[in-house]
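Asker: Can you keep this structure in mind? I'll have questions shortly.
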Amino acid sequence: MKLEWWLIFSVISLVLWGISGFFMKVATFKLDPRIAFIFQSTGVLIVASMVFFSTMGILKNSLSPDLKLYIISGLLAGLTGGLGTFFLLKAYEKGNLATVTVLTALYPVISVLLGIIILKEKLTLTQIIAIILSLVAIVLFSIP
């Protein structure tokens with residue numbers, strides 16, 4: 001079986017987001033979520049700067065007018081992701097790490113629904129069942 005790059009990158013992302021969630025919860029033990037958000041965003045800015053400076057040649061070709069929609073989409077992804085992270089920190093401050101993390105980890109359901117509605121993507125029966133089971137898992141996770 002050939003290991004696909006998308007799978008490797010997905011697993012790396014999964015691990016890093018898991019570690020990030022843990023550190024966000026720890027930060028809210030003693031920091032106001034707004035302050036924790038500033039430090040978390042500074043970390044993102046450091047990574048964004050590294051990516052920015054490593055792609056200067058590609059960036060010049062990406063700023064053409066015909067890519068305006070995609071540039072705006074990238075900015076909107078950053079804005080909504082940043083706001084989502086801020087409210088995640090607020091949730092960690094008030095809630096249990098396990099429940100908050102599992103609940104907010106269902107964000108792909110929103111992405112999938114938008115993909116179905118706007119991009120006209122299709123789901124298989126297995127994928128529909130997986131989404132339903134993930135929603136059931138949230139209910140079970142919420143029970144004390």
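In the structure tokens, each chain is lettered A, B, ... as it comes, each chain's residues begin at 1, and ligands are numbered from 1 in order of appearance.
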Would you mind listing what lies within 10 Å of Thr104 (chain A) as a ChimeraX atom specification, with only C-alpha atoms counted and same-chain residues fewer than 5 positions away left out?

Answerer: /A:84-85,88,91,99,138

Asker: Using C-alpha atoms, can you write the selected residues to a file as an mmCIF file, in the first residue's frame?

Answerer:
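selection31.cif written:
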```cif
data_model
loop_
_atom_site.group_PDB
_atom_site.id
_atom_site.type_symbol
_atom_site.label_atom_id
_atom_site.label_comp_id
_atom_site.auth_asym_id
_atom_site.auth_seq_id
_atom_site.Cartn_x
_atom_site.Cartn_y
_atom_site.Cartn_z
ATOM 1 C CA GLY A 84 -12.970 30.313 16.383
ATOM 2 C CA THR A 85 -9.709 30.000 18.292
ATOM 3 C CA LEU A 88 -12.228 27.986 21.900
ATOM 4 C CA ALA A 91 -14.647 27.595 26.221
ATOM 5 C CA THR A 99 -15.881 17.900 26.375
ATOM 6 C CA ILE A 138 -20.889 14.435 21.413
#
```

Asker: Can you pull out every residue within 12 Å of Phe37 (chain A), counting only C-alpha atoms, but drop anything in the same chain fewer than 6 positions away, and send it as JSON, numbers by chain?

Answerer: {"A": [23, 24, 25, 27, 28, 31, 43, 44, 45, 81, 82, 83, 84, 85, 86, 87, 88, 89, 90, 92, 93]}

Asker: If you run DSSP on the backbone here, which positions in region 1-126 of chain A get alpha helix (DSSP H)? Please write them as a count of residues only.

Answerer: 103

Asker: Which residues are close to Ala137 (chain A), i.e. within 12 Å by only C-alpha atoms, leaving aside same-chain residues fewer than 6 positions away? Reply as a PDB file with C-alpha atoms, in the first residue's frame.

Answerer:
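This is the output file around.pdb:
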```pdb
ATOM      1  CA  THR A  99     -15.881  17.900  26.375  1.00  0.00           C
ATOM      2  CA  VAL A 102     -14.496  16.803  21.343  1.00  0.00           C
ATOM      3  CA  LEU A 103     -17.370  19.223  20.719  1.00  0.00           C
ATOM      4  CA  ALA A 105     -13.490  18.960  16.947  1.00  0.00           C
ATOM      5  CA  LEU A 106     -16.766  18.468  15.106  1.00  0.00           C
ATOM      6  CA  ALA A 130     -19.807   8.663  10.328  1.00  0.00           C
ATOM      7  CA  ILE A 131     -21.200  12.177  10.753  1.00  0.00           C
ATOM      8  CA  ILE A 143     -23.313  13.188  29.861  1.00  0.00           C
TER       9      ILE A 143
END
```

Asker: Enter the distance from CA of Ile118 (chain A) to CA of Val139 (chain A), in Å, rounded to one decimal.

Answerer: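 CA of Val139 (chain A) lies at a distance of 27.8 Å from CA of Ile118 (chain A).
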
Asker: Between A:Val109, A:Leu69, A:Leu63, A:Val51, which has the minimum distance to Ser134 (chain A) (counting only C-alpha atoms)?

Answerer: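 Closest to Ser134 (chain A), using only C-alpha atoms: A:Val109.
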
Asker: Do you have the CA of Gly74 (chain A)-CA of Ser20 (chain A) distance handy?

Answerer: 21.5 Å

Asker: One decimal, in Å: what's the spacing between CA of Gly78 (chain A) and CA of Ile46 (chain A)?

Answerer: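 So the answer is 14.5 Å.
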